[in-house]
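*Asks:* Can you read through this structure? Questions will come right after.
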2 protein chains.
Amino acid sequence: MPYYIGDVIQDSGKLTARTVEKFREGGIDARICSRVDGIDGEAHEVHLADGSRVPYDILTLATGTEVLLPGIPGEDREGVFVLKSLGDALHIKSYIEQTGCRKALIVGAGFIGLEVCENLRERGVAVQIVNRGDLPAHRWDPQFGREILKTMISRGVDFFPRVSILSIEGGSDYRLRLNTDQGPFEGDLILLAMGVKPHVALARQMGIALGDSGAIRVNLSQRTSQANVYAVGDCAESFHRVSRRWVSIPLGDIANKQGRIAGSVIGGVPRVFPGIVGAQSFRIFHLEVAATGLDEREAAASGFDPVSALLWGNASANAMSQPRRLGLKLIADRASGLLLGAQAVGEAGAVGRINTLSAALWAGLSLDDVYNLDLAYSPPYGGSWDLIHNAARTLLQQI
Amino acid sequence: MPYYIGDVIQDSGKLTARTVEKFREGGIDARICSRVDGIDGEAHEVHLADGSRVPYDILTLATGTEVLLPGIPGEDREGVFVLKSLGDALHIKSYIEQTGCRKALIVGAGFIGLEVCENLRERGVAVQIVNRGDLPAHRWDPQFGREILKTMISRGVDFFPRVSILSIEGGSDYRLRLNTDQGPFEGDLILLAMGVKPHVALARQMGIALGDSGAIRVNLSQRTSQANVYAVGDCAESFHRVSRRWVSIPLGDIANKQGRIAGSVIGGVPRVFPGIVGAQSFRIFHLEVAATGLDEREAAASGFDPVSALLWGNASANAMSQPRRLGLKLIADRASGLLLGAQAVGEAGAVGRINTLSAALWAGLSLDDVYNLDLAYSPPYGGSWDLIHNAARTLLQQI
C-alpha cells in the first residue's frame, strides 16, 4: 500500500481535500498535514507526530528545503514572513489585505526577494530591499546586477546594499522596525528572503550519507546510501554535467524530473537521471534574467581556466524599430575551448538564448560550435549574426 | 588588388556612395551597379556589361538567388512587383505612396508574401493572398498553417487557396486585374512572391559543377569545382547536418557565415563551414513561426523512419495569467531515436524553443536527451515540464 505523508497545500482546505481525493483514487493512503518526527531505518517505520507509526518497504525522501533565517531578535513577530509554501503566500496576501500594508521591507535580493518585490509594487505597496551584497542577483555578472537594479529603481523600489540586519521590533510610523548596521528601516511587513538550504534532518537522523553540498547523496537512480531509501527534489543532490560534480540546486523543474525517475525505478522500470547544467531564470518587471552552466568562480573551482566575454546588443536585428536591449555573457575554458556557462539579461530573448546555450552545454559543445550554431534567423528575433554568435566570436578571439 | 563587383544597394544613392567609400577605405575597388555578362575561367577575367574586363587571381561567386516568375502575360506591367532587393522595397513603398494604393494582391504565402502582408495591413492597405496550396507556410504542419491562417483572417487578410494564376491586365475598380482559374481578382498592386532559385547562370557558363539542389557545389571551405573559384551564400549549397546531404537553403544568416569562411580561407587562414540544421523563422502579426531540421517528407527522403508529435500548450506556466498559446511539433527517427526536426508556432516562445532544438540537432542529440534537457524554468517562460519535454515524452511513447 503506497503512502504519502507530508503537507500538501496549506490553504483553506478546498484544494487539500481535492488532493487527498486524487491520492485515494490512485490507491494511495495520503496522510497530509502529518508531521514526521523520525524514521526508523532498521524497523522500516515512519514515526508520525501523533504517535502512530507507518511501516514501509521503500521510502522516498522529498523533504525539500528549509528557509534560512537570520536568527535575530524579533524575527518571529507578526508581519514577518518567509515565502516557501503556498500557505506562506496566502498568509502574506491576507496580511496585506487585512492590515492595509503600505510599505514592505524585503531582506535579500535573490530570486524570491526580487519576484515578491515586483508583485508588491503591482499591488501598490512601497518596497525597500536591504541586501547583504552590493547588487541584486549576485549570481549574475555585476553589469547585469546593475541593469536589474536600474529597472528596480525605475519601478520605485529602494535598494540598500551592504546591510547587516540586527533585530526586528515594533515601529513608530509603520508596524515594524528593522534595525540594521545602517540604521533602522520601517515597514508594515518584512519578508525574509535570505535563501534556503536542503532539509535533511530526517535523513541525517537515519544515518543517510549527505554530499559535500549538504544535500542528500544519491546515485543516478535517486537511491541514497541506505537500501530501499530514495531521495528526490531540493533535498537531494544532482549531477552537474559541466562541473562533473554533485551539486545542490533547488529548483522545481529538477525536482519534478527526479521524482519521475525515482517513481519509474521504484515501479520496476530502471532509469537514470542524466543530470543538470544549472539552467535558471526569473522575471523582474519587464526584464528576463537567465543563466546556465558555471560562473567563473564555479568554473575555476571545478578545475577549468575560465575566460569570459559580455556583450550588449539587441533581442532583434538592428534594423528593427523598437530595439530591445539584451546582454549576454559567455564563459568558456581556455584550455579545452569548451563552453562552460552563460548569463543573459534583457527585455526579451534572454531565456530563449540561455535555453539554446543550455542545450549546447548539455551536449558538451565547444565555443567554436556555439559560434557556428545554426539559429532561426529573422529580424524580429535577432541579427543574422545573433548575439550568441557575436559573443562567441569575441570570446574565441581571447582564447 | 581586391575587387567587388555587383549591385550593392539600389537606393537614392546616399547609402551606395557610403558603401563605395567603405570599400575604398578597405583598399577594395568597388564596381557597384556593374553587370557581369560573363566570366572567362581560363583567362581569369570578368567581363562587364560596359565592355571592360577585370582580371582576377581568386574569384568568389556570391550571385544569390533569382526570383521565380510565373511567366504569365502582363507580369511586367507597372504595379507588379517582386521583393528581393532593398531597391524593390523602395519601389514598392514609393508606388504605394504615389498611387494611394488601396488594395494589394499577393501571389504566394511563403515567408516573403506573409511578411509583406503584415506590413501592408499596417499601412492600411487591404490585402488578398492567392496561393497555389491549401494553406500558408506549407513547410509547416497543416495545424500550424491553419493557426497562421486564423491570425491572418483576424487581421483582415483574405486568403484564397488552390488558385492558379493566368494573366495580369488593367483593372476596372482597381489599377490591375489578376486572372486566375478561380476568376479575376483586382488590386492596385500585385506582389509576386512565388519563391526563389539559386542564381547560377555565371557559374554554369563557366562550367562550374552544380549540386543536385541546383545550387553551386562547394566543399567545406566554399571552394567550387574550379580552381581559385569560391561560392558563398544563396547561390551555393550547404551541408545539412541532419540529412547529411548538400542542400540549397537561401537564408541570410547562412550566407553571412559562408562569406566569412571563404574570406578566411582566401586570406590564408584555413577554416571549414560545419554546416546547417535548417533553422528558420518569421513573424506574421503577433505570431512567431519557426522550424528547424527536417520535416517528415525530408526525413523519409533521407532514409529515416520519421515519427512525430504535435502538442499545444502555453509559452508560460499554466498558473500564469494571460496564457500565450504555443504549439510544438517534434520529428524523430523511430530506428535510432534521434531528434530530426521541430516546428513551432505561437504568440511567444516559438523561436526560443526552436533555437534550443537547433542546438540539440547540431549536437545530434537523441529524443531521450531532449526529454531530459535542463532548461531555465520560470513560470513566466514555461512550465516546470516545458512544452519541449512534454512533446518529447509524447513522442517517446510512440517509439
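Ordering of the C-alpha cells sets the chain letters (A, B, ...); residue numbers start at 1 within each chain; ligands are numbered from 1 in the order shown.
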So that I can see what lies close to range 313-326 of chain A, please list as a VMD selection string the residues with an atom at most 6 Å from it, counting only C-alpha atoms and leaving out residues fewer than 2 positions away in the same chain.
*Replies:* chain A and resid 345 to 349 379 to 383
*Asks:* Write the selection just made, keeping C-alpha atoms, as a tab-separated table (two decimals), in the first residue's frame?
*Replies:*
chain	number	residue	atom	x	y	z
A	345	VAL	CA	19.54	39.86	-19.09
A	346	GLY	CA	17.22	41.78	-21.35
A	347	GLU	CA	13.76	42.98	-22.21
A	348	ALA	CA	13.30	39.96	-24.48
A	349	GLY	CA	15.18	36.96	-25.77
A	379	PRO	CA	14.95	40.31	-37.92
A	380	PRO	CA	12.26	40.49	-35.19
A	381	TYR	CA	14.17	37.86	-33.18
A	382	GLY	CA	17.83	38.58	-33.79
A	383	GLY	CA	20.52	39.65	-36.23
*Asks:* Taking only C-alpha atoms into account, what are the residues of chain A at most 9 Å from chain B, put as a ChimeraX atom specification?
*Replies:* /A:251-254,256-257,273-283,290-292,349,351-360,362-365,369-370,372-381,383-386
*Asks:* Identify, with DSSP run on backbone atoms, the residues in range 78-250 of chain B assigned to strand (DSSP E or B), and express the list as a ChimeraX atom specification.
*Replies:* /B:80-81,103-107,126-130,157-160,165-170,176-180,183-187,189-192,196-198,210,216,223,229-231,236,238-240,245-247
*Asks:* Just want the 6 Å neighbourhood of range 114-129 of chain A, counted on only C-alpha atoms, with same-chain residues fewer than 5 positions away dropped. Output as a ChimeraX atom specification.
*Replies:* /A:102-107,109,157-159,285
*Asks:* Keeping only all heavy atoms, take the residues you just selected and write them out as an mmCIF file, in the first residue's frame.
*Replies:*
data_model
loop_
_atom_site.group_PDB
_atom_site.id
_atom_site.type_symbol
_atom_site.label_atom_id
_atom_site.label_comp_id
_atom_site.auth_asym_id
_atom_site.auth_seq_id
_atom_site.Cartn_x
_atom_site.Cartn_y
_atom_site.Cartn_z
ATOM 1 N N ARG A 102 1.197 49.377 3.726
ATOM 2 C CA ARG A 102 1.630 50.487 2.873
ATOM 3 C C ARG A 102 3.032 50.274 2.329
ATOM 4 O O ARG A 102 3.384 50.722 1.258
ATOM 5 C CB ARG A 102 1.605 51.800 3.670
ATOM 6 C CG ARG A 102 0.240 52.225 4.153
ATOM 7 C CD ARG A 102 0.364 53.193 5.320
ATOM 8 N NE ARG A 102 0.918 52.552 6.511
ATOM 9 C CZ ARG A 102 1.430 53.195 7.554
ATOM 10 N NH1 ARG A 102 1.485 54.517 7.565
ATOM 11 N NH2 ARG A 102 1.899 52.539 8.596
ATOM 12 N N LYS A 103 3.843 49.617 3.137
ATOM 13 C CA LYS A 103 5.247 49.508 2.762
ATOM 14 C C LYS A 103 5.820 48.190 3.268
ATOM 15 O O LYS A 103 5.539 47.791 4.405
ATOM 16 C CB LYS A 103 6.020 50.676 3.376
ATOM 17 C CG LYS A 103 7.475 50.748 2.960
ATOM 18 C CD LYS A 103 8.115 52.001 3.529
ATOM 19 C CE LYS A 103 9.548 51.755 3.930
ATOM 20 N NZ LYS A 103 10.053 52.748 4.858
ATOM 21 N N ALA A 104 6.593 47.552 2.428
ATOM 22 C CA ALA A 104 7.204 46.277 2.810
ATOM 23 C C ALA A 104 8.716 46.398 2.773
ATOM 24 O O ALA A 104 9.280 47.123 1.947
ATOM 25 C CB ALA A 104 6.752 45.171 1.852
ATOM 26 N N LEU A 105 9.362 45.708 3.692
ATOM 27 C CA LEU A 105 10.820 45.587 3.679
ATOM 28 C C LEU A 105 11.159 44.164 3.250
ATOM 29 O O LEU A 105 10.606 43.210 3.798
ATOM 30 C CB LEU A 105 11.405 45.836 5.069
ATOM 31 C CG LEU A 105 11.008 47.150 5.754
ATOM 32 C CD1 LEU A 105 11.602 47.192 7.164
ATOM 33 C CD2 LEU A 105 11.479 48.341 4.930
ATOM 34 N N ILE A 106 12.042 44.034 2.273
ATOM 35 C CA ILE A 106 12.463 42.706 1.833
ATOM 36 C C ILE A 106 13.942 42.551 2.163
ATOM 37 O O ILE A 106 14.751 43.417 1.812
ATOM 38 C CB ILE A 106 12.223 42.506 0.323
ATOM 39 C CG1 ILE A 106 10.720 42.581 0.018
ATOM 40 C CG2 ILE A 106 12.799 41.178 -0.149
ATOM 41 C CD1 ILE A 106 10.371 42.488 -1.449
ATOM 42 N N VAL A 107 14.269 41.484 2.863
ATOM 43 C CA VAL A 107 15.663 41.214 3.206
ATOM 44 C C VAL A 107 16.194 40.168 2.231
ATOM 45 O O VAL A 107 15.766 39.012 2.260
ATOM 46 C CB VAL A 107 15.796 40.710 4.658
ATOM 47 C CG1 VAL A 107 17.261 40.455 4.995
ATOM 48 C CG2 VAL A 107 15.182 41.715 5.635
ATOM 49 N N ALA A 109 18.071 39.937 -2.027
ATOM 50 C CA ALA A 109 17.713 40.278 -3.407
ATOM 51 C C ALA A 109 18.076 39.145 -4.349
ATOM 52 O O ALA A 109 18.715 39.322 -5.378
ATOM 53 C CB ALA A 109 18.409 41.575 -3.821
ATOM 54 N N VAL A 157 11.396 50.966 -6.572
ATOM 55 C CA VAL A 157 11.894 50.116 -5.482
ATOM 56 C C VAL A 157 13.188 50.732 -4.933
ATOM 57 O O VAL A 157 14.079 51.077 -5.701
ATOM 58 C CB VAL A 157 12.181 48.686 -5.992
ATOM 59 C CG1 VAL A 157 12.782 47.825 -4.894
ATOM 60 C CG2 VAL A 157 10.907 48.056 -6.552
ATOM 61 N N ASP A 158 13.260 50.876 -3.629
ATOM 62 C CA ASP A 158 14.501 51.360 -2.995
ATOM 63 C C ASP A 158 15.404 50.173 -2.694
ATOM 64 O O ASP A 158 14.942 49.159 -2.174
ATOM 65 C CB ASP A 158 14.196 52.065 -1.670
ATOM 66 C CG ASP A 158 13.513 53.407 -1.908
ATOM 67 O OD1 ASP A 158 13.682 53.981 -2.994
ATOM 68 O OD2 ASP A 158 12.803 53.851 -0.988
ATOM 69 N N PHE A 159 16.680 50.338 -2.980
ATOM 70 C CA PHE A 159 17.625 49.240 -2.760
ATOM 71 C C PHE A 159 18.769 49.722 -1.877
ATOM 72 O O PHE A 159 19.392 50.744 -2.158
ATOM 73 C CB PHE A 159 18.178 48.753 -4.106
ATOM 74 C CG PHE A 159 19.131 47.588 -3.991
ATOM 75 C CD1 PHE A 159 18.661 46.295 -3.824
ATOM 76 C CD2 PHE A 159 20.509 47.791 -4.034
ATOM 77 C CE1 PHE A 159 19.540 45.216 -3.717
ATOM 78 C CE2 PHE A 159 21.386 46.719 -3.926
ATOM 79 C CZ PHE A 159 20.899 45.433 -3.766
ATOM 80 N N PHE A 285 10.015 42.661 -13.237
ATOM 81 C CA PHE A 285 9.306 43.631 -14.063
ATOM 82 C C PHE A 285 9.395 43.206 -15.525
ATOM 83 O O PHE A 285 9.052 42.078 -15.829
ATOM 84 C CB PHE A 285 9.816 45.052 -13.798
ATOM 85 C CG PHE A 285 9.593 45.472 -12.356
ATOM 86 C CD1 PHE A 285 10.642 45.598 -11.467
ATOM 87 C CD2 PHE A 285 8.309 45.692 -11.891
ATOM 88 C CE1 PHE A 285 10.439 45.957 -10.147
ATOM 89 C CE2 PHE A 285 8.073 46.054 -10.561
ATOM 90 C CZ PHE A 285 9.152 46.192 -9.691
#
*Asks:* Give me the residues near His44 in chain B as a ChimeraX atom specification, where near means some atom within 10 Å (using only C-alpha atoms) and where sequence neighbours in that chain fewer than 3 positions away do not count.
*Replies:* /B:39-41,47,53-59,228-229
*Asks:* For a test of reading the model, state the distance in Å between CA of Tyr230 in chain A and CA of Arg204 in chain A, rounded to one decimal.
*Replies:*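 These atoms are spaced 13.7 Å apart.
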*Asks:* Find the residues near range 137-139 of chain B: any atom within 8 Å, counting only C-alpha atoms, skip ones fewer than 6 places away on the same chain, and give them as a list of chain:residue names.
*Replies:*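 Listed by chain and then number, they are B:Ala109, B:Gly110, B:Phe111, B:Gly145, B:Asp295.
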*Asks:* Which distance in Å separates CA of Thr224 in chain B and CA of Lys84 in chain B, to one decimal?
*Replies:*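 If I compute the distance from CA of Thr224 in chain B to CA of Lys84 in chain B, I get 25.1 Å.
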*Asks:* Go ahead and compute the interatomic distance for CA of Arg245 in chain A and CA of Gly341 in chain A, in Å to one decimal.
*Replies:*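 Atom-to-atom, CA of Arg245 in chain A to CA of Gly341 in chain A, that is 14.9 Å.
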*Asks:* Please determine, counting only C-alpha atoms, which residue among A:Ala209, A:Ile72, A:Leu340, A:Leu294 has the shortest atom-to-atom distance to Ser225 in chain A.
*Replies:* A:Ala209
*Asks:* Please run DSSP on the backbone and report, as number ranges by chain, all residues within range 54-226 of chain B that come out as helix (DSSP H, G or I).
*Replies:* B: 86-99, 111-122, 142-154, 201-205
*Asks:* Name the residues in contact with Gly233 in chain A at a cut-off of 10 Å, using only C-alpha atoms, excluding same-chain residues fewer than 3 positions from it; report them as a tab-separated table (two decimals) with N, CA, C and O atoms, in the first residue's frame.
*Replies:*
chain	number	residue	atom	x	y	z
A	61	LEU	N	12.46	10.12	0.28
A	61	LEU	CA	12.54	11.39	0.98
A	61	LEU	C	12.41	12.52	-0.03
A	61	LEU	O	13.19	12.59	-0.99
A	62	ALA	N	11.42	13.36	0.20
A	62	ALA	CA	11.24	14.51	-0.69
A	62	ALA	C	11.00	15.70	0.23
A	62	ALA	O	9.99	16.39	0.15
A	63	THR	N	11.96	15.91	1.13
A	63	THR	CA	11.76	16.87	2.22
A	63	THR	C	12.10	18.30	1.83
A	63	THR	O	11.95	19.21	2.65
A	64	GLY	N	12.58	18.49	0.62
A	64	GLY	CA	12.75	19.86	0.12
A	64	GLY	C	13.81	20.65	0.84
A	64	GLY	O	14.82	20.12	1.30
A	65	THR	N	13.53	21.94	0.98
A	65	THR	CA	14.48	22.83	1.63
A	65	THR	C	13.86	23.42	2.88
A	65	THR	O	12.65	23.36	3.07
A	198	PRO	N	19.10	22.60	2.01
A	198	PRO	CA	18.40	21.33	1.93
A	198	PRO	C	17.90	20.92	3.32
A	198	PRO	O	18.60	21.08	4.32
A	215	ALA	N	23.31	18.45	0.71
A	215	ALA	CA	22.08	17.75	0.34
A	215	ALA	C	22.34	16.24	0.39
A	215	ALA	O	23.48	15.80	0.54
A	216	ILE	N	21.25	15.47	0.28
A	216	ILE	CA	21.37	14.02	0.39
A	216	ILE	C	22.11	13.46	-0.82
A	216	ILE	O	21.79	13.80	-1.97
A	222	GLN	N	18.54	7.94	-8.09
A	222	GLN	CA	17.97	8.61	-6.92
A	222	GLN	C	18.00	7.75	-5.65
A	222	GLN	O	17.32	8.04	-4.68
A	236	ALA	N	17.88	16.63	-2.36
A	236	ALA	CA	18.86	15.69	-2.92
A	236	ALA	C	19.83	16.40	-3.85
A	236	ALA	O	19.53	17.45	-4.41
A	237	GLU	N	21.02	15.81	-4.01
A	237	GLU	CA	21.99	16.35	-4.96
A	237	GLU	C	21.63	15.99	-6.40
A	237	GLU	O	20.82	15.09	-6.64
A	238	SER	N	22.22	16.70	-7.34
A	238	SER	CA	22.11	16.38	-8.76
A	238	SER	C	23.50	16.38	-9.36
A	238	SER	O	24.37	17.13	-8.92
A	248	SER	N	23.93	20.92	-5.19
A	248	SER	CA	22.59	21.17	-4.66
A	248	SER	C	22.04	22.43	-5.32
A	248	SER	O	22.47	23.54	-5.02
A	249	ILE	N	21.14	22.25	-6.27
A	249	ILE	CA	20.50	23.40	-6.92
A	249	ILE	C	18.99	23.20	-6.78
A	249	ILE	O	18.38	22.44	-7.53
A	250	PRO	N	18.39	23.84	-5.77
A	250	PRO	CA	16.96	23.60	-5.51
A	250	PRO	C	16.06	24.34	-6.49
A	250	PRO	O	15.85	25.54	-6.35
A	251	LEU	N	15.57	23.63	-7.50
A	251	LEU	CA	14.68	24.23	-8.49
A	251	LEU	C	13.58	23.23	-8.83
A	251	LEU	O	13.81	22.02	-8.88
A	252	GLY	N	12.39	23.77	-9.09
A	252	GLY	CA	11.20	22.94	-9.27
A	252	GLY	C	11.27	21.99	-10.44
A	252	GLY	O	10.74	20.87	-10.37
A	253	ASP	N	11.91	22.41	-11.52
A	253	ASP	CA	11.93	21.51	-12.69
A	253	ASP	C	12.83	20.30	-12.43
A	253	ASP	O	12.51	19.18	-12.82
A	254	ILE	N	13.93	20.52	-11.73
A	254	ILE	CA	14.84	19.41	-11.40
A	254	ILE	C	14.12	18.44	-10.47
A	254	ILE	O	14.17	17.22	-10.66
A	255	ALA	N	13.43	18.99	-9.48
A	255	ALA	CA	12.68	18.17	-8.52
A	255	ALA	C	11.67	17.29	-9.24
A	255	ALA	O	11.55	16.08	-8.98
A	256	ASN	N	10.94	17.89	-10.17
A	256	ASN	CA	9.95	17.14	-10.95
A	256	ASN	C	10.58	15.97	-11.69
A	256	ASN	O	10.05	14.86	-11.70
A	257	LYS	N	11.72	16.24	-12.32
A	257	LYS	CA	12.37	15.19	-13.12
A	257	LYS	C	12.87	14.06	-12.22
A	257	LYS	O	12.71	12.88	-12.54
A	258	GLN	N	13.48	14.43	-11.10
A	258	GLN	CA	14.00	13.41	-10.19
A	258	GLN	C	12.86	12.54	-9.65
A	258	GLN	O	13.00	11.33	-9.51
A	259	GLY	N	11.73	13.18	-9.35
A	259	GLY	CA	10.58	12.44	-8.85
A	259	GLY	C	10.12	11.39	-9.84
A	259	GLY	O	9.81	10.25	-9.47
*Asks:* Name the residues in contact with Ser167 in chain B at a cut-off of 9 Å, using only C-alpha atoms, excluding same-chain residues fewer than 3 positions from it; report them as an mmCIF file with N, CA and C atoms, in the first residue's frame.
*Replies:*
data_model
loop_
_atom_site.group_PDB
_atom_site.id
_atom_site.type_symbol
_atom_site.label_atom_id
_atom_site.label_comp_id
_atom_site.auth_asym_id
_atom_site.auth_seq_id
_atom_site.Cartn_x
_atom_site.Cartn_y
_atom_site.Cartn_z
ATOM 1 N N GLY B 71 5.694 33.645 -65.401
ATOM 2 C CA GLY B 71 5.711 33.565 -66.865
ATOM 3 C C GLY B 71 4.338 33.719 -67.472
ATOM 4 N N ILE B 72 3.552 34.632 -66.906
ATOM 5 C CA ILE B 72 2.194 34.846 -67.437
ATOM 6 C C ILE B 72 2.129 36.207 -68.123
ATOM 7 N N PRO B 73 1.222 36.365 -69.066
ATOM 8 C CA PRO B 73 1.078 37.661 -69.740
ATOM 9 C C PRO B 73 0.786 38.762 -68.719
ATOM 10 N N GLY B 74 1.456 39.879 -68.881
ATOM 11 C CA GLY B 74 1.185 41.046 -68.037
ATOM 12 C C GLY B 74 2.006 41.112 -66.767
ATOM 13 N N GLU B 75 2.877 40.132 -66.553
ATOM 14 C CA GLU B 75 3.628 40.151 -65.276
ATOM 15 C C GLU B 75 4.636 41.283 -65.225
ATOM 16 N N ARG B 177 -5.832 43.828 -62.801
ATOM 17 C CA ARG B 177 -6.677 42.642 -62.631
ATOM 18 C C ARG B 177 -5.810 41.399 -62.809
ATOM 19 N N LEU B 178 -5.927 40.478 -61.829
ATOM 20 C CA LEU B 178 -5.208 39.201 -61.889
ATOM 21 C C LEU B 178 -6.224 38.131 -62.246
ATOM 22 N N ASN B 179 -6.088 37.567 -63.437
ATOM 23 C CA ASN B 179 -6.998 36.495 -63.839
ATOM 24 C C ASN B 179 -6.469 35.151 -63.349
ATOM 25 N N THR B 180 -7.365 34.351 -62.811
ATOM 26 C CA THR B 180 -6.964 33.045 -62.267
ATOM 27 C C THR B 180 -8.005 31.995 -62.645
#
*Asks:* For Ile388 in chain A, which of A:Ile92, A:Ala335, A:Ala344, A:Val46 is the closest residue, counting only C-alpha atoms?
*Replies:* A:Ala344
*Asks:* So, with only C-alpha atoms as the atoms that count, which of A:Asp29, A:Asp188, A:Glu169, A:Asp134 lies closest to Thr99 in chain A?
*Replies:* A:Asp188
